[in-house]
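Chemist: Structure supplied as entry.txt; contents: compact mmCIF, C-alpha atoms and all ligand atoms.
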```
# COMPACT_ATOMS: atom_id res chain seq x y z
CA MET A 1222 23.72 -51.28 -83.63
CA THR A 1223 25.54 -51.22 -80.34
CA TYR A 1224 23.58 -50.76 -77.15
CA ARG A 1225 26.70 -49.99 -75.10
CA VAL A 1226 26.61 -46.61 -73.44
CA THR A 1227 29.97 -45.04 -72.57
CA LYS A 1228 29.25 -41.30 -72.70
CA ALA A 1229 27.18 -39.22 -70.32
CA VAL A 1230 26.12 -35.60 -70.54
CA PHE A 1231 25.73 -33.56 -67.34
CA PRO A 1232 23.80 -30.33 -67.96
CA VAL A 1233 25.14 -27.97 -65.28
CA ALA A 1234 24.70 -24.54 -66.84
CA GLY A 1235 21.78 -23.29 -64.69
CA PHE A 1236 21.96 -20.27 -62.37
CA GLY A 1237 20.73 -22.26 -59.38
CA THR A 1238 18.52 -19.34 -58.39
CA ARG A 1239 16.64 -21.38 -55.82
CA PHE A 1240 19.84 -21.54 -53.78
CA LEU A 1241 20.74 -17.86 -53.85
CA PRO A 1242 22.65 -16.26 -52.26
CA ALA A 1243 24.89 -19.36 -51.93
CA THR A 1244 24.92 -19.87 -55.70
CA LYS A 1245 26.08 -16.31 -56.34
CA SER A 1246 29.64 -17.63 -56.21
CA VAL A 1247 29.32 -21.42 -55.81
CA PRO A 1248 27.80 -23.56 -58.56
CA LYS A 1249 24.76 -25.45 -57.32
CA GLU A 1250 26.40 -28.75 -58.30
CA ILE A 1251 29.20 -28.08 -55.80
CA LEU A 1252 26.82 -27.68 -52.83
CA PRO A 1253 27.56 -30.57 -50.48
CA LEU A 1254 25.20 -33.33 -49.53
CA VAL A 1255 26.80 -34.17 -46.17
CA ASP A 1256 30.41 -33.75 -47.39
CA ARG A 1257 30.34 -34.58 -51.10
CA PRO A 1258 29.21 -32.19 -53.81
CA LEU A 1259 26.02 -33.08 -55.67
CA ILE A 1260 28.03 -33.65 -58.84
CA GLN A 1261 30.11 -36.39 -57.17
CA TYR A 1262 26.97 -38.48 -56.63
CA ALA A 1263 26.13 -38.14 -60.33
CA ILE A 1264 29.67 -39.06 -61.40
CA ASP A 1265 29.76 -42.12 -59.13
CA GLU A 1266 26.42 -43.29 -60.53
CA ALA A 1267 27.67 -42.84 -64.09
CA ARG A 1268 30.89 -44.74 -63.36
CA ALA A 1269 28.94 -47.64 -61.85
CA ALA A 1270 26.95 -47.81 -65.10
CA GLY A 1271 30.12 -48.14 -67.20
CA ILE A 1272 30.37 -44.53 -68.38
CA ARG A 1273 33.91 -43.62 -69.45
CA GLU A 1274 33.45 -40.15 -70.95
CA PHE A 1275 31.90 -37.34 -68.97
CA ILE A 1276 30.63 -34.29 -70.82
CA PHE A 1277 29.70 -31.24 -68.78
CA VAL A 1278 27.57 -28.53 -70.34
CA THR A 1279 28.59 -25.51 -68.30
CA SER A 1280 28.27 -21.73 -68.43
CA ARG A 1281 30.00 -18.62 -67.11
CA GLY A 1282 30.76 -18.78 -63.39
CA LYS A 1283 31.19 -22.57 -63.21
CA SER A 1284 34.97 -22.74 -62.99
CA ALA A 1285 34.76 -24.24 -59.47
CA LEU A 1286 33.38 -27.36 -61.17
CA GLU A 1287 36.39 -27.67 -63.43
CA ASP A 1288 38.73 -27.17 -60.47
CA TYR A 1289 36.89 -29.85 -58.54
CA PHE A 1290 37.82 -32.47 -61.14
CA ASP A 1291 41.41 -31.27 -61.45
CA SER A 1292 44.26 -32.63 -59.38
CA ALA A 1293 45.26 -30.66 -56.28
CA PRO A 1294 49.04 -31.27 -55.94
CA GLU A 1295 49.70 -28.84 -53.05
CA LEU A 1296 46.83 -30.26 -51.03
CA GLU A 1297 47.95 -33.81 -51.75
CA THR A 1298 51.54 -33.08 -50.70
CA SER A 1299 50.35 -31.48 -47.49
CA LEU A 1300 48.08 -34.44 -46.64
CA HIS A 1301 50.88 -36.83 -47.51
CA GLU A 1302 53.36 -35.04 -45.26
CA GLY A 1303 50.81 -34.91 -42.48
CA ASN A 1304 50.22 -38.68 -42.73
CA LYS A 1305 46.58 -38.09 -43.57
CA GLY A 1306 46.20 -41.17 -45.76
CA HIS A 1307 42.46 -41.49 -45.19
CA LEU A 1308 41.90 -37.96 -46.50
CA LEU A 1309 44.09 -38.71 -49.52
CA ASP A 1310 41.87 -41.70 -50.23
CA LEU A 1311 38.83 -39.44 -50.12
CA LEU A 1312 40.47 -37.02 -52.54
CA ARG A 1313 41.27 -39.84 -54.95
CA GLN A 1314 37.54 -40.49 -55.39
CA THR A 1315 37.45 -37.25 -57.34
CA ASP A 1316 40.24 -38.30 -59.73
CA MET A 1317 39.20 -38.53 -63.34
CA ASP A 1318 41.25 -40.19 -66.09
CA SER A 1319 43.10 -37.70 -68.27
CA GLY A 1320 40.91 -36.83 -71.22
CA ALA A 1321 37.82 -38.45 -69.70
CA VAL A 1322 36.19 -35.13 -68.87
CA ALA A 1323 35.15 -32.58 -71.46
CA TYR A 1324 33.48 -29.22 -70.99
CA VAL A 1325 31.33 -27.42 -73.47
CA ARG A 1326 29.72 -24.05 -72.83
CA GLN A 1327 26.09 -23.23 -73.29
CA GLN A 1328 26.43 -19.51 -74.06
CA GLU A 1329 22.74 -18.75 -73.65
CA ARG A 1330 20.37 -20.53 -71.30
CA ARG A 1331 17.78 -21.79 -73.74
CA GLY A 1332 16.58 -24.92 -71.98
CA LEU A 1333 17.57 -28.52 -71.28
CA GLY A 1334 17.15 -29.61 -74.90
CA HIS A 1335 19.46 -26.86 -76.05
CA ALA A 1336 22.02 -27.75 -73.36
CA VAL A 1337 22.16 -31.37 -74.55
CA TRP A 1338 22.37 -30.21 -78.17
CA CYS A 1339 25.44 -28.12 -77.26
CA ALA A 1340 27.25 -31.44 -76.58
CA ARG A 1341 26.36 -32.97 -79.97
CA ARG A 1342 29.88 -32.95 -81.44
CA LEU A 1343 31.34 -34.63 -78.37
CA ILE A 1344 28.59 -37.25 -78.36
CA GLY A 1345 28.90 -38.14 -82.03
CA ASP A 1346 26.91 -41.00 -83.48
CA GLU A 1347 26.28 -43.27 -80.52
CA PRO A 1348 23.79 -43.72 -77.70
CA PHE A 1349 24.47 -41.56 -74.67
CA ALA A 1350 23.20 -41.00 -71.14
CA VAL A 1351 21.98 -37.73 -69.66
CA ILE A 1352 22.13 -37.25 -65.90
CA LEU A 1353 20.53 -34.28 -64.16
CA PRO A 1354 22.56 -33.94 -60.94
CA ASP A 1355 19.63 -32.28 -59.11
CA ASP A 1356 17.88 -35.64 -59.07
CA VAL A 1357 19.80 -37.65 -56.51
CA ILE A 1358 18.75 -41.30 -56.38
CA ASP A 1359 19.61 -43.53 -53.47
CA ALA A 1360 19.48 -47.13 -54.65
CA GLU A 1361 21.11 -50.44 -53.90
CA LYS A 1362 21.99 -50.77 -57.58
CA PRO A 1363 22.59 -47.26 -58.95
CA CYS A 1364 19.72 -46.04 -61.15
CA LEU A 1365 21.70 -45.56 -64.36
CA GLN A 1366 23.17 -49.05 -64.01
CA GLN A 1367 19.65 -50.46 -63.72
CA MET A 1368 18.75 -48.57 -66.88
CA VAL A 1369 21.84 -49.59 -68.84
CA GLU A 1370 21.05 -53.22 -68.11
CA ALA A 1371 17.44 -52.84 -69.27
CA TYR A 1372 18.55 -50.80 -72.28
CA ALA A 1373 20.90 -53.58 -73.40
CA GLU A 1374 17.76 -55.66 -73.98
CA VAL A 1375 15.53 -53.11 -75.69
CA GLY A 1376 17.69 -50.30 -77.18
CA GLY A 1377 15.89 -47.24 -78.57
CA ASN A 1378 15.51 -44.46 -76.04
CA MET A 1379 14.86 -44.77 -72.32
CA VAL A 1380 13.73 -42.32 -69.64
CA ALA A 1381 13.59 -42.96 -65.90
CA THR A 1382 10.18 -42.58 -64.35
CA MET A 1383 8.30 -42.57 -61.06
CA GLU A 1384 4.86 -41.60 -59.90
CA VAL A 1385 4.47 -38.12 -58.44
CA PRO A 1386 1.50 -36.53 -56.64
CA ALA A 1387 -1.14 -35.33 -59.12
CA GLN A 1388 -0.72 -31.70 -58.04
CA SER A 1389 3.02 -31.81 -58.91
CA VAL A 1390 2.74 -32.91 -62.55
CA SER A 1391 3.31 -29.36 -63.82
CA SER A 1392 6.92 -29.55 -62.55
CA TYR A 1393 7.84 -32.53 -64.73
CA GLY A 1394 7.84 -34.18 -68.10
CA ILE A 1395 4.81 -36.48 -67.89
CA LEU A 1396 4.36 -39.80 -69.68
CA ASP A 1397 1.49 -41.64 -71.23
CA VAL A 1398 2.48 -45.27 -70.75
CA GLY A 1399 -0.96 -46.82 -71.14
CA SER A 1400 -3.11 -48.00 -68.30
CA THR A 1401 -2.09 -51.64 -68.59
CA SER A 1402 1.64 -51.13 -68.15
CA ILE A 1403 3.28 -53.48 -65.72
CA GLY A 1404 6.91 -54.27 -65.06
CA ALA A 1405 9.91 -51.95 -65.08
CA THR A 1406 10.18 -51.18 -68.81
CA MET A 1407 7.11 -49.69 -70.49
CA PRO A 1408 6.63 -48.37 -74.01
CA VAL A 1409 5.82 -44.66 -73.99
CA ARG A 1410 2.85 -43.56 -76.12
CA ALA A 1411 3.29 -39.83 -75.56
CA MET A 1412 5.11 -37.39 -73.33
CA VAL A 1413 4.45 -33.77 -72.49
CA GLU A 1414 6.58 -31.22 -70.67
CA LYS A 1415 5.12 -29.62 -67.55
CA PRO A 1416 1.41 -30.06 -68.33
CA ARG A 1417 -1.37 -28.51 -66.28
CA PRO A 1418 -2.82 -31.15 -63.93
CA GLU A 1419 -6.08 -31.31 -65.90
CA GLU A 1420 -4.18 -32.00 -69.12
CA ALA A 1421 -1.64 -34.52 -67.79
CA PRO A 1422 -1.92 -37.99 -69.34
CA SER A 1423 -0.88 -39.61 -66.02
CA ASN A 1424 1.18 -38.92 -62.93
CA MET A 1425 4.23 -40.82 -64.24
CA ALA A 1426 7.02 -38.23 -64.24
CA VAL A 1427 10.32 -38.24 -66.08
CA ILE A 1428 13.18 -38.23 -63.57
CA GLY A 1429 16.60 -36.91 -64.60
CA ARG A 1430 18.14 -40.05 -66.13
CA TYR A 1431 17.96 -40.70 -69.84
CA ILE A 1432 19.59 -43.01 -72.38
CA LEU A 1433 19.13 -41.49 -75.80
CA SER A 1434 19.89 -42.32 -79.40
CA PRO A 1435 21.75 -39.80 -81.59
CA ASP A 1436 18.45 -39.31 -83.48
CA VAL A 1437 17.33 -37.16 -80.55
CA LEU A 1438 20.22 -34.80 -81.33
CA ASP A 1439 18.99 -34.55 -84.91
CA ASN A 1440 15.53 -33.70 -83.61
CA LEU A 1441 17.04 -30.97 -81.42
CA GLU A 1442 18.60 -29.43 -84.55
CA ASP A 1443 15.29 -27.88 -85.58
CA MET A 1444 13.37 -27.92 -82.33
CA ARG A 1445 11.16 -24.94 -81.60
CA VAL A 1446 10.74 -23.52 -78.13
CA GLY A 1447 8.22 -25.37 -75.99
CA ALA A 1448 7.03 -25.17 -72.38
CA GLY A 1449 8.39 -22.16 -70.50
CA GLY A 1450 9.75 -20.65 -73.74
CA GLU A 1451 12.66 -23.13 -73.69
CA ILE A 1452 13.94 -25.81 -76.05
CA GLN A 1453 12.78 -28.95 -74.30
CA LEU A 1454 14.49 -32.34 -74.28
CA THR A 1455 11.05 -33.85 -73.70
CA ASP A 1456 9.85 -32.51 -77.08
CA ALA A 1457 12.86 -33.96 -78.93
CA ILE A 1458 12.27 -37.37 -77.33
CA SER A 1459 8.58 -37.07 -78.05
CA ALA A 1460 9.43 -36.59 -81.74
CA GLU A 1461 11.07 -40.05 -81.60
CA ILE A 1462 7.77 -41.58 -80.53
CA ALA A 1463 6.18 -40.14 -83.66
CA ALA A 1464 9.09 -41.06 -85.95
CA ARG A 1465 10.16 -44.47 -84.68
CA GLY A 1466 8.02 -45.38 -81.68
CA ASN A 1467 11.07 -46.51 -79.75
CA VAL A 1468 10.86 -44.72 -76.41
CA ASN A 1469 10.62 -46.72 -73.20
CA ALA A 1470 10.04 -45.61 -69.65
CA PHE A 1471 11.97 -47.36 -66.90
CA ARG A 1472 10.54 -47.56 -63.42
CA PHE A 1473 13.70 -47.60 -61.31
CA ARG A 1474 14.10 -49.08 -57.87
CA GLY A 1475 15.32 -46.48 -55.39
CA ARG A 1476 14.52 -43.29 -53.53
CA ARG A 1477 14.74 -40.05 -55.45
CA PHE A 1478 15.45 -36.70 -53.86
CA ASP A 1479 14.72 -33.44 -55.65
CA CYS A 1480 17.89 -31.56 -54.74
CA GLY A 1481 16.79 -28.73 -57.02
CA SER A 1482 14.48 -27.65 -54.19
CA LYS A 1483 15.50 -26.59 -50.70
CA SER A 1484 13.14 -29.00 -49.03
CA GLY A 1485 14.35 -31.90 -51.19
CA PHE A 1486 17.96 -30.99 -50.45
CA LEU A 1487 17.28 -30.99 -46.71
CA GLN A 1488 15.51 -34.35 -46.95
CA ALA A 1489 18.45 -35.80 -48.85
CA THR A 1490 20.84 -34.39 -46.26
CA VAL A 1491 18.93 -36.14 -43.49
CA ALA A 1492 18.72 -39.44 -45.41
CA PHE A 1493 22.37 -39.50 -46.45
CA GLY A 1494 23.47 -38.28 -43.01
CA LEU A 1495 21.57 -41.12 -41.33
CA ALA A 1496 23.11 -43.61 -43.76
CA ARG A 1497 26.61 -42.72 -42.54
CA ASP A 1498 28.12 -44.92 -39.85
CA ASP A 1499 30.27 -42.06 -38.56
CA LEU A 1500 27.31 -39.67 -38.14
CA ARG A 1501 24.22 -41.78 -37.50
CA ASP A 1502 24.15 -42.04 -33.71
CA GLU A 1503 24.79 -38.41 -32.89
CA PHE A 1504 22.56 -37.17 -35.72
CA LEU A 1505 19.71 -39.48 -34.80
CA THR A 1506 19.84 -38.37 -31.17
CA TYR A 1507 19.60 -34.79 -32.35
CA LEU A 1508 16.73 -35.49 -34.77
CA ARG A 1509 14.81 -37.32 -32.07
CA SER A 1510 15.25 -34.42 -29.69
CA VAL A 1511 13.95 -31.86 -32.21
CA THR A 1512 11.02 -33.96 -33.34
CA GLU A 1513 10.00 -34.40 -29.71
CA VAL A 1514 9.98 -30.65 -29.17
CA GLN A 1515 8.38 -30.07 -32.62
CA GLU A 1516 9.47 -26.46 -32.92
CA PRO A 1517 11.69 -25.05 -35.63
CA ALA A 1518 15.16 -24.09 -34.48
CA SER A 1519 14.53 -20.34 -34.92
CA LYS A 1520 11.52 -20.43 -32.54
CA LEU A 1521 13.52 -22.36 -30.01
CA ARG A 1522 16.18 -19.68 -30.14
CA ALA A 1523 13.56 -16.95 -29.61
CA VAL A 1524 12.29 -18.32 -26.29
C1 LIG B 1601 13.67 -31.36 -66.26
C2 LIG B 1601 12.92 -31.94 -67.45
C3 LIG B 1601 11.64 -32.62 -66.99
C4 LIG B 1601 11.94 -33.65 -65.93
C5 LIG B 1601 12.73 -33.00 -64.77
C6 LIG B 1601 13.19 -34.07 -63.78
O1 LIG B 1601 12.92 -30.28 -65.75
O2 LIG B 1601 12.67 -30.91 -68.38
O3 LIG B 1601 11.00 -33.23 -68.09
O4 LIG B 1601 10.74 -34.23 -65.46
O5 LIG B 1601 13.90 -32.33 -65.25
O6 LIG B 1601 13.83 -33.53 -62.68
P1 LIG B 1601 13.52 -29.17 -64.74
O7 LIG B 1601 13.46 -29.76 -63.38
O8 LIG B 1601 14.93 -28.92 -65.19
O9 LIG B 1601 12.64 -27.97 -64.89
```
Would you write out, as structure tokens, the structure that this file holds?
Modeler:
Amino acid sequence: MTYRVTKAVFPVAGFGTRFLPATKSVPKEILPLVDRPLIQYAIDEARAAGIREFIFVTSRGKSALEDYFDSAPELETSLHEGNKGHLLDLLRQTDMDSGAVAYVRQQERRGLGHAVWCARRLIGDEPFAVILPDDVIDAEKPCLQQMVEAYAEVGGNMVATMEVPAQSVSSYGILDVGSTSIGATMPVRAMVEKPRPEEAPSNMAVIGRYILSPDVLDNLEDMRVGAGGEIQLTDAISAEIAARGNVNAFRFRGRRFDCGSKSGFLQATVAFGLARDDLRDEFLTYLRSVTEVQEPASKLRAV
């Protein structure tokens, strides 16, 4: 059994309703964090982890995503003629090897488990990663790379985890990892999708990075709808605990931003903006000035 992971699935079929009206015509994954679309962060993380094949599960209205990973010859010629080499370098970061990107459509939105199942023929019979681009993780060593290294030791199935406030458990897949768990890799005893706080086995939440065995795809074959009336990836992984007991949680090192929410997106924008040498000084001066005044911009405008 090989523990090498070279394929990653990016479920990007959602409506992005929390970002309407922007997402009426722009896929959520194209919204920029500073100046790079969310999806570019996910791709870079996957590349750092050794991923060579990128499988996007898309839906109607996501063609901007496909264009983003295509070459842009007119733009390149114009930058070349204008001696804009630094911008050409930036563009090259979006280059993908021919044949490295595949798109499969999820015709009906039936949940994350169903989205991953839609990619089953492209995944085949090997372990694969799943990256949810909404979860942006800032880390010295990219999160998926940390996981791939740990996975090479233990195999099976692996989900990224972190502690969340007790009142937020109903937004996540929640793990039972046993009260004595220490260290980064912990065997999972049970997992439940979006439990009520009083029913949650812990406050250890699944964060959107997974390394899964093809058995999970088999489980998805006859999965019934779960939480929220959707086919849940959590339930298909949970079935592996019952069948083979080979699911591990991985406590990653890094800062996670929930870019599926407006507040999380704004926090990520501030953090990534401050991390940029070309923006830090001016941005910090501005942030200091607004935190001193402690009034939202709209109120300031009203006075
Ligand atoms: C999904 C998963 C959930 C996980 C979360 C992480 O939920 O179903 O188990 O904890 O991603 O972001 P969603 O946020 O898509 O509702």
Chemist: Report as an NGL selection string which protein, DNA and RNA residues come within 6 Å of ligand LIG 1601 (chain B), using only C-alpha atoms and all ligand atoms.
Modeler: :A and (1356 or 1393-1394 or 1414 or 1426-1429 or 1455)
Chemist: Write out the residues from the selection above, keeping C-alpha atoms, as a tab-separated table (two decimals), in the coordinates of the input.
Modeler:
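Written out: selection-v8.tsv:
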```tsv
chain	number	residue	atom	x	y	z
A	1356	ASP	CA	17.88	-35.64	-59.07
A	1393	TYR	CA	7.84	-32.53	-64.73
A	1394	GLY	CA	7.84	-34.18	-68.10
A	1414	GLU	CA	6.58	-31.22	-70.67
A	1426	ALA	CA	7.02	-38.23	-64.24
A	1427	VAL	CA	10.32	-38.24	-66.08
A	1428	ILE	CA	13.18	-38.23	-63.57
A	1429	GLY	CA	16.60	-36.91	-64.60
A	1455	THR	CA	11.05	-33.85	-73.70
```
Chemist: I want to know what sits within 12 Å of Pro1386 (chain A), based on all atoms listed in the file, with residues of the same chain fewer than 4 positions away left out; could you give that as a list of chain:residue names?
Modeler: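 These residues fall inside the cut-off: A:Val1390, A:Ser1391, A:Ser1392, A:Tyr1393, A:Ile1395, A:Pro1418, A:Ala1421, A:Ser1423, A:Asn1424, A:Met1425, A:Ala1426.
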Chemist: One number please: CA of Met1379 (chain A) to CA of Gly1485 (chain A), in Å, one decimal.
Modeler: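 Here the two named atoms are 24.7 Å from each other.
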Chemist: Considering only C-alpha atoms, return as a list in words whatever protein or nucleic-acid residues lie within 9 Å of Val1278 (chain A), sequence-local ones (same chain, fewer than 5 positions apart) excluded.
Modeler: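 Listing them by chain and then by number gives Val1230, Phe1231, Pro1232, Val1233, Ala1234, Ala1323, Tyr1324, Val1325, Arg1326, Gln1327, Ala1336, Val1337, Cys1339 and Ala1340 of chain A.
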Chemist: Quick one: distance from CA of Pro1408 (chain A) to CA of Val1468 (chain A) in Å, one decimal?
Modeler: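 About the pair CA of Pro1408 (chain A) and CA of Val1468 (chain A): they are 6.1 Å apart.
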Chemist: For CA of Phe1486 (chain A) and CA of Leu1365 (chain A), quote the distance in Å rounded to one decimal.
Modeler: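 We find that CA of Phe1486 (chain A) and CA of Leu1365 (chain A) lie 20.5 Å from each other.
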Chemist: Using all atoms listed in the file, which of the listed residues (A:Asp1316, A:Asp1456, A:Asp1291, A:Glu1503) sits closest to Met1444 (chain A)?
Modeler: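 Going through A:Asp1316, A:Asp1456, A:Asp1291, A:Glu1503 one by one, the smallest distance to Met1444 (chain A) is for A:Asp1456.
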Chemist: Could you pull the residues within 9 Å of Gln1314 (chain A), counting all atoms listed in the file, minus those fewer than 4 positions along the same chain, as a list in words?
Modeler: Gln1261, Asp1265, Leu1309 and Asp1310 of chain A
Chemist: Would you pick out the contacts of region 1237-1254 of chain A at 8 Å or less, using all atoms listed in the file, so that residues sharing its chain but fewer than 5 positions from it are not included, and give the list as number ranges by chain?
Modeler: A: 1259-1260, 1282-1283, 1285-1286, 1354-1355, 1481-1483, 1486, 1489-1490, 1493
Chemist: Please provide as number ranges by chain all residues within 10 Å of Ala1373 (chain A), with the sequence filter that same-chain residues fewer than 3 positions apart are discarded (counting only C-alpha atoms).
Modeler: A: 1223-1226, 1368-1370, 1376-1377
Chemist: For Ala1360 (chain A), which residue out of A:Leu1500, A:Arg1465, A:Arg1509, A:Glu1266 is the nearest one, using only C-alpha atoms?
Modeler: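 Closest candidate: A:Glu1266.
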Chemist: Taking (31.4, -34.4, -64.9) in the coordinates of the supplied file, I want to know which residues reach to within 6 Å of it, counting only C-alpha atoms; could you give the answer as a ChimeraX atom specification?
Modeler: /A:1275-1277
Chemist: So, with only C-alpha atoms as the atoms that count, which of A:Ala1387, A:Ala1460, A:Ala1293, A:Leu1433 lies closest to Arg1410 (chain A)?
Modeler: A:Ala1460
Chemist: Please determine, counting all atoms listed in the file, which residue among A:Ser1459, A:Gln1366, A:Asn1440, A:Asn1469 has the shortest atom-to-atom distance to Gly1404 (chain A).
Modeler: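 The closest residue to Gly1404 (chain A) is A:Asn1469.
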